[in-house]
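File shown: input13.cif. Contents: mmCIF, C-alpha atoms.
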```
data_entry
#
loop_
_atom_site.label_atom_id
_atom_site.label_comp_id
_atom_site.auth_asym_id
_atom_site.auth_seq_id
_atom_site.Cartn_x
_atom_site.Cartn_y
_atom_site.Cartn_z
CA MET A 1 180.19 129.75 253.65
CA ASP A 2 179.55 126.02 253.53
CA THR A 3 176.59 125.68 251.10
CA SER A 4 176.12 121.99 251.96
CA VAL A 5 174.80 122.83 255.44
CA ARG A 6 171.08 123.48 255.62
CA PHE A 7 170.02 126.03 258.21
CA ILE A 8 166.43 126.57 257.10
CA SER A 9 164.02 123.77 257.97
CA PRO A 10 161.03 122.93 255.69
CA LEU A 11 158.68 124.52 258.24
CA GLU A 12 160.80 127.68 258.37
CA ALA A 13 160.73 127.82 254.57
CA VAL A 14 156.91 127.70 254.64
CA LEU A 15 156.83 130.49 257.22
CA HIS A 16 159.22 132.63 255.16
CA LEU A 17 157.04 132.17 252.08
CA LYS A 18 153.85 132.89 254.01
CA SER A 19 155.31 136.22 255.11
CA LEU A 20 155.16 137.40 251.50
CA GLU A 21 152.07 139.45 250.76
CA ALA A 22 151.56 137.73 247.40
CA LEU A 23 151.38 134.30 249.06
CA ARG A 24 149.43 135.00 252.25
CA GLU A 25 146.17 133.66 250.83
CA LEU A 26 147.66 130.30 249.88
CA PRO A 27 146.78 127.31 252.11
CA ARG A 28 149.69 125.79 254.00
CA ASP A 29 149.66 122.65 251.81
CA GLU A 30 150.30 124.75 248.71
CA LEU A 31 152.92 126.81 250.48
CA ALA A 32 154.60 123.51 251.35
CA VAL A 33 154.70 122.65 247.63
CA LEU A 34 156.58 125.89 246.93
CA ALA A 35 158.82 125.35 249.94
CA GLN A 36 159.79 121.90 248.65
CA GLN A 37 160.98 123.50 245.42
CA SER A 38 163.06 126.14 247.19
CA ARG A 39 166.80 125.73 247.68
CA GLU A 40 168.84 127.41 250.38
CA ARG A 41 171.64 129.51 248.90
CA HIS A 42 174.55 131.28 250.60
CA PHE A 43 176.31 134.27 249.03
CA PRO A 44 179.37 135.82 250.67
CA ARG A 45 179.64 139.59 250.53
CA GLY A 46 180.57 140.76 247.03
CA THR A 47 179.16 137.66 245.29
CA ALA A 48 176.89 138.14 242.27
CA LEU A 49 173.48 136.52 242.53
CA LEU A 50 172.41 137.71 239.05
CA ARG A 51 174.35 139.28 236.18
CA SER A 52 173.06 141.57 233.47
CA GLY A 53 173.15 139.84 230.09
CA GLU A 54 172.41 136.44 231.60
CA PRO A 55 168.90 134.95 231.78
CA VAL A 56 167.20 135.19 235.16
CA GLY A 57 166.83 131.50 235.93
CA GLY A 58 165.32 131.78 239.40
CA SER A 59 163.91 134.09 242.04
CA HIS A 60 165.41 134.66 245.49
CA LEU A 61 163.60 135.32 248.75
CA ILE A 62 166.16 137.00 251.00
CA VAL A 63 166.30 135.41 254.45
CA GLU A 64 169.38 137.13 255.85
CA GLY A 65 171.77 139.78 254.57
CA LYS A 66 171.51 142.54 251.98
CA VAL A 67 171.51 142.59 248.17
CA ARG A 68 171.97 145.52 245.80
CA ALA A 69 169.74 145.00 242.73
CA THR A 70 170.11 147.14 239.60
CA GLY A 71 167.92 147.12 236.49
CA SER A 72 164.60 145.69 235.32
CA GLU A 73 161.96 145.62 238.06
CA HIS A 74 164.25 146.94 240.80
CA GLY A 75 165.81 150.07 239.33
CA ASP A 76 168.54 150.62 241.92
CA THR A 77 167.44 149.12 245.22
CA ALA A 78 168.88 147.55 248.34
CA LEU A 79 166.89 144.44 249.27
CA GLY A 80 166.85 142.90 252.72
CA PRO A 81 165.19 140.05 254.64
CA GLY A 82 161.63 139.31 253.50
CA GLU A 83 162.10 140.91 250.07
CA VAL A 84 162.11 139.09 246.74
CA LEU A 85 164.72 139.43 244.01
CA GLY A 86 163.96 138.95 240.31
CA LEU A 87 160.47 137.42 240.47
CA LEU A 88 158.79 139.79 238.01
CA THR A 89 161.70 139.51 235.58
CA LEU A 90 161.55 135.72 235.85
CA LEU A 91 157.76 135.59 235.35
CA SER A 92 157.84 138.05 232.45
CA ARG A 93 160.31 135.84 230.58
CA SER A 94 161.93 139.06 229.42
CA GLU A 95 165.58 139.64 228.53
CA ARG A 96 165.91 142.81 230.58
CA GLY A 97 169.25 143.12 232.31
CA LEU A 98 169.28 142.57 236.07
CA ASP A 99 172.36 142.76 238.29
CA ALA A 100 172.35 141.66 241.92
CA VAL A 101 175.34 141.62 244.28
CA ALA A 102 175.43 140.65 247.95
CA GLU A 103 176.41 143.71 250.03
CA ALA A 104 176.68 141.49 253.12
CA ASP A 105 176.86 137.75 253.71
CA THR A 106 173.44 136.68 252.46
CA VAL A 107 171.16 133.65 252.74
CA THR A 108 168.27 133.19 250.30
CA LEU A 109 165.62 130.71 249.34
CA GLU A 110 165.87 130.28 245.58
CA ILE A 111 163.10 128.84 243.40
CA ASP A 112 164.26 127.76 239.95
CA GLY A 113 162.16 129.07 237.06
CA ASP A 114 161.56 125.64 235.50
CA ASP A 115 160.55 124.20 238.87
CA LEU A 116 158.18 127.12 239.40
CA ALA A 117 156.58 126.54 235.99
CA ASP A 118 156.06 122.88 236.92
CA VAL A 119 154.37 123.95 240.16
CA PHE A 120 152.08 126.30 238.24
CA GLU A 121 151.12 123.54 235.81
CA ASP A 122 150.42 120.99 238.54
CA HIS A 123 148.74 123.39 240.99
CA PHE A 124 146.49 125.89 239.24
CA ASP A 125 145.50 127.50 242.55
CA ILE A 126 149.09 128.69 242.94
CA LEU A 127 149.11 130.11 239.40
CA HIS A 128 145.74 131.77 240.04
CA ASN A 129 147.09 133.26 243.25
CA GLN A 130 150.01 134.78 241.36
CA LEU A 131 147.66 136.19 238.71
CA LYS A 132 145.59 137.87 241.42
CA GLY A 133 148.69 139.18 243.15
CA LEU A 134 150.13 140.69 239.98
CA ALA A 135 146.76 142.22 239.10
CA ARG A 136 146.73 143.94 242.50
CA ARG A 137 150.24 145.25 241.98
CA MET A 138 149.25 146.55 238.55
CA LEU A 139 146.27 148.32 240.13
CA VAL A 140 148.74 150.22 242.33
CA GLU A 141 150.68 151.27 239.23
CA ARG A 142 147.48 152.28 237.43
CA GLY A 143 146.56 154.50 240.38
CA ARG A 144 149.73 156.54 239.70
CA MET A 145 148.86 157.41 236.09
CA PRO A 146 149.04 161.06 235.05
CA ASP A 147 145.68 162.81 235.00
CA GLY A 148 144.13 162.50 231.55
CA ALA A 149 146.23 159.52 230.41
CA TYR A 150 144.82 157.66 227.40
CA LEU A 151 144.87 153.85 227.25
CA ALA A 152 144.23 152.36 223.83
CA PRO A 153 146.51 149.54 222.71
CA ALA A 154 144.80 148.95 219.35
CA GLU A 155 143.56 152.19 217.81
CA ASP A 156 143.69 150.65 214.33
CA LEU A 157 141.17 147.89 215.09
CA ALA A 158 138.87 147.34 212.13
CA ALA A 159 135.48 148.98 212.56
CA PRO A 160 132.91 146.48 213.84
CA PRO A 161 129.80 145.83 211.73
CA GLU A 162 126.46 147.33 212.68
CA GLN A 163 125.02 143.86 213.27
CA ASP A 164 126.13 141.53 216.07
CA LEU A 165 129.66 140.14 215.83
CA ASP A 166 129.91 136.50 214.80
CA LEU A 167 132.42 134.03 216.30
CA ILE A 168 135.10 134.69 213.67
CA GLN A 169 134.88 138.44 214.17
CA ARG A 170 135.03 138.02 217.95
CA LEU A 171 138.04 135.74 217.57
CA LEU A 172 139.85 138.31 215.41
CA PHE A 173 139.24 141.08 217.96
CA MET A 174 140.17 138.87 220.92
CA GLN A 175 143.31 137.57 219.22
CA ARG A 176 144.44 141.13 218.48
CA ASN A 177 143.85 142.21 222.06
CA LEU A 178 144.93 139.13 224.01
CA LYS A 179 147.81 137.99 221.78
CA ARG A 180 147.59 134.43 223.05
CA GLU A 181 149.20 131.53 221.20
CA ASN A 182 146.66 128.88 222.27
CA ILE A 183 143.99 128.97 219.56
CA ASP A 184 141.68 126.51 221.38
CA GLY A 185 141.69 128.73 224.42
CA LEU A 186 141.10 131.82 222.29
CA ILE A 187 138.07 130.18 220.70
CA GLN A 188 136.64 129.47 224.15
CA VAL A 189 137.25 133.08 225.21
CA ALA A 190 135.54 134.35 222.05
CA ARG A 191 132.57 132.01 222.55
CA GLN A 192 131.96 132.98 226.14
CA ALA A 193 132.22 136.72 225.48
CA ARG A 194 128.91 138.57 225.12
CA GLU A 195 128.57 141.57 222.86
CA VAL A 196 127.20 144.59 224.73
CA ARG A 197 126.54 148.00 223.17
CA TYR A 198 126.11 151.25 225.11
CA PRO A 199 124.92 154.70 224.04
CA ALA A 200 127.01 157.80 224.71
CA GLY A 201 126.69 158.93 228.33
CA ALA A 202 125.96 155.45 229.72
CA GLN A 203 127.25 154.65 233.23
CA LEU A 204 129.02 151.30 233.00
CA TRP A 205 129.73 151.21 236.73
CA SER A 206 130.60 153.39 239.75
CA ARG A 207 133.42 153.39 242.28
CA GLY A 208 132.87 150.70 244.88
CA ASP A 209 130.68 148.48 242.68
CA SER A 210 131.45 144.79 242.60
CA SER A 211 133.66 143.70 239.72
CA GLY A 212 133.78 140.23 238.17
CA PHE A 213 133.74 141.02 234.45
CA ALA A 214 135.73 142.94 231.86
CA CYS A 215 134.63 144.76 228.71
CA VAL A 216 137.05 144.73 225.77
CA LEU A 217 136.40 147.98 223.92
CA ILE A 218 135.85 147.36 220.21
CA ARG A 219 134.57 150.82 219.27
CA GLY A 220 134.24 154.06 221.21
CA THR A 221 135.86 155.66 224.27
CA VAL A 222 135.20 155.65 228.02
CA ARG A 223 136.05 158.31 230.62
CA CYS A 224 137.12 156.81 233.96
CA THR A 225 136.99 159.22 236.93
CA LEU A 226 139.04 158.21 239.96
CA ASP A 227 137.99 160.68 242.66
CA ASP A 228 135.85 163.68 243.57
CA GLU A 229 138.58 166.02 242.31
CA GLY A 230 137.94 164.77 238.80
CA ARG A 231 141.24 162.94 238.28
CA HIS A 232 140.65 160.64 235.34
CA PHE A 233 141.96 158.56 232.47
CA ARG A 234 140.35 157.61 229.16
CA CYS A 235 140.18 154.28 227.34
CA GLY A 236 139.77 153.44 223.67
CA PRO A 237 139.62 150.45 221.29
CA GLY A 238 141.43 147.32 222.41
CA TYR A 239 141.48 148.16 226.11
CA PRO A 240 140.13 145.45 228.49
CA LEU A 241 138.16 147.79 230.74
CA GLY A 242 137.66 146.45 234.28
CA ASN A 243 139.99 143.49 233.80
CA LEU A 244 142.52 144.26 236.52
CA GLU A 245 140.18 144.72 239.47
CA SER A 246 138.09 141.74 238.35
CA LEU A 247 141.13 139.48 238.22
CA ALA A 248 142.37 140.87 241.54
CA GLY A 249 138.97 140.32 243.21
CA GLU A 250 138.74 144.02 244.10
CA PRO A 251 135.82 146.47 243.69
CA ARG A 252 135.66 149.04 240.91
CA TRP A 253 138.02 151.93 241.61
CA TYR A 254 136.64 154.50 239.17
CA ASP A 255 133.38 155.73 237.63
CA ALA A 256 133.18 154.56 234.01
CA VAL A 257 131.01 156.58 231.60
CA SER A 258 130.90 156.17 227.81
CA GLU A 259 131.98 159.27 225.89
CA THR A 260 130.68 157.88 222.58
CA PRO A 261 128.50 154.95 221.52
CA LEU A 262 130.34 151.78 222.56
CA VAL A 263 130.70 148.29 221.17
CA THR A 264 132.22 145.92 223.75
CA LEU A 265 132.81 142.24 224.34
CA ARG A 266 131.97 141.37 227.94
CA SER A 267 133.91 138.51 229.51
CA GLU A 268 132.99 137.01 232.91
CA THR A 269 136.10 136.63 235.04
CA ASP A 270 135.19 133.31 236.66
CA VAL A 271 134.63 131.78 233.21
CA MET A 272 137.93 133.25 232.01
CA ILE A 273 139.74 131.69 234.98
CA ASP A 274 138.24 128.29 234.11
CA ILE A 275 139.57 128.68 230.56
CA LEU A 276 143.04 129.54 231.85
CA GLU A 277 142.97 126.46 234.07
CA ASP A 278 142.17 124.29 231.05
CA HIS A 279 144.86 125.92 228.89
CA PHE A 280 148.10 126.19 230.84
CA GLU A 281 150.10 127.93 228.10
CA MET A 282 147.51 130.68 227.95
CA GLY A 283 147.57 131.04 231.73
CA ILE A 284 151.36 131.24 231.93
CA GLY A 285 151.37 133.68 229.00
CA TYR A 286 148.84 135.87 230.79
CA LEU A 287 151.06 135.81 233.89
CA ALA A 288 154.08 136.83 231.80
CA GLU A 289 152.18 139.76 230.26
CA LEU A 290 151.05 141.03 233.65
CA ALA A 291 154.60 140.85 235.04
CA ASP A 292 155.96 142.62 231.96
CA ARG A 293 153.34 145.40 232.23
CA ILE A 294 154.28 146.04 235.85
CA ILE A 295 157.96 146.33 234.95
CA GLN A 296 157.10 148.68 232.07
CA ALA A 297 154.96 150.85 234.35
CA ARG A 298 157.77 151.10 236.90
CA GLU A 299 160.29 151.97 234.22
CA GLU A 300 157.98 154.67 232.83
CA ARG A 301 157.45 156.09 236.31
CA SER A 302 161.20 156.23 236.98
CA ARG A 303 161.96 158.27 233.85
CA PRO A 304 162.85 161.83 234.84
CA ALA A 305 160.92 163.54 232.04
CA GLY A 306 157.35 162.35 231.57
CA PRO A 307 154.31 163.93 229.95
CA PRO A 308 152.74 166.74 231.99
CA PRO A 309 149.34 166.21 233.62
CA GLY A 310 146.55 166.17 231.08
CA THR A 311 148.77 165.00 228.20
CA ALA A 312 147.44 162.01 226.26
CA GLU A 313 149.52 158.89 226.70
CA THR A 314 149.06 155.49 225.07
CA THR A 315 149.60 152.63 227.51
CA ILE A 316 149.06 148.92 227.02
CA ASP A 317 147.34 146.89 229.71
CA ALA A 318 147.14 143.12 230.22
#
```
Do you think you could lay out the structure here as structure tokens?
Amino acid sequence: MDTSVRFISPLEAVLHLKSLEALRELPRDELAVLAQQSRERHFPRGTALLRSGEPVGGSHLIVEGKVRATGSEHGDTALGPGEVLGLLTLLSRSERGLDAVAEADTVTLEIDGDDLADVFEDHFDILHNQLKGLARRMLVERGRMPDGAYLAPAEDLAAPPEQDLDLIQRLLFMQRNLKRENIDGLIQVARQAREVRYPAGAQLWSRGDSSGFACVLIRGTVRCTLDDEGRHFRCGPGYPLGNLESLAGEPRWYDAVSETPLVTLRSETDVMIDILEDHFEMGIGYLAELADRIIQAREERSRPAGPPPGTAETTIDA
């Protein structure tokens, strides 16, 4: 194919991007920004788009044709028009292997990773949109957890004092949980967080309640019941309870009841978003963690032998 000939107009590129569920909420002006960064690519049948062992330098929106993707986020999947190749792997900045070969003559819109990072830095609304989209996708993965799964990424957190946590103590707990490199942003997160303690048996929220805040668990455990059949998971120290649905702008999807006395740090989501806007490296790091968690969840789900229902399982969340 002659790759110098452009078949996709700028308007068509916008329409292709708008067809993606993750981008439907973006205004047309911001879609146009992404469209301007996209490059039309042509791949004859049998051509490799991505090779395992090589960094994923860009993501492809398939316009025409068919691509066989193997590894990382895709497992072993045939992708066709309207589907996206390699975006989670690109965003996660991981070194997972990903192979992709055109099974038919294929046309894509490719967005280079460096160009995408520049768009995120210059247009926070686009970065925020991606954060919300990945949080929604992670909610889908969370809904597939085995009954009784246990989520506690930091069981060895130091015991909190009986008195209120000071800024340094909050910073230590937040740094352990969030693992962000931007210390100024971490300090802002620690300052805005409010310590909240609950007795055993307290109802933190119910299914269908509005979200908008997260509680990082410092001490204690919470039972989260998903439905009337009693399907549930449990959370322990280090887990950011309620973070995903708050970031996604979705209501609570489980009843949360404390099993033991709790010490938590409550963080308001709108304030957290403002902090991410002011600290780009923290925002892009948060995006990478979300993308990586989704890939991990898919890989865990694809393993043939998993723990039986009711077996405790430690899972890290973003």
Take the PyMOL selection byres ((chain A and resi 26) around 12), run it mentally on this structure, and tell me the resulting residues as a PyMOL selection string.
chain A and resi 14-15+17-25+27-34+123-130+132-133
- request: Evaluate the PyMOL selection byres ((chain A and resi 73) around 12) and record the selected residues as a PyMOL selection string, following the chain and residue labels used in the document.
  value: chain A and resi 69-72+74-77+84-92+94-100+291-302
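A straight line drawn from atom CA of A:Val101 to atom CA of A:Pro10 is 26.2 Å long.
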* Would you kindly identify which residues have an atom no farther than 10 Å from (150.3, 156.8, 237.1), using only C-alpha atoms and the file's own coordinates, and write them out as a ChimeraX atom specification? => /A:139-147,149,233,297-298,300-301
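The gap separating atom CA of A:Ser59 from atom CA of A:Ser38 is 9.5 Å, in Å to one decimal.
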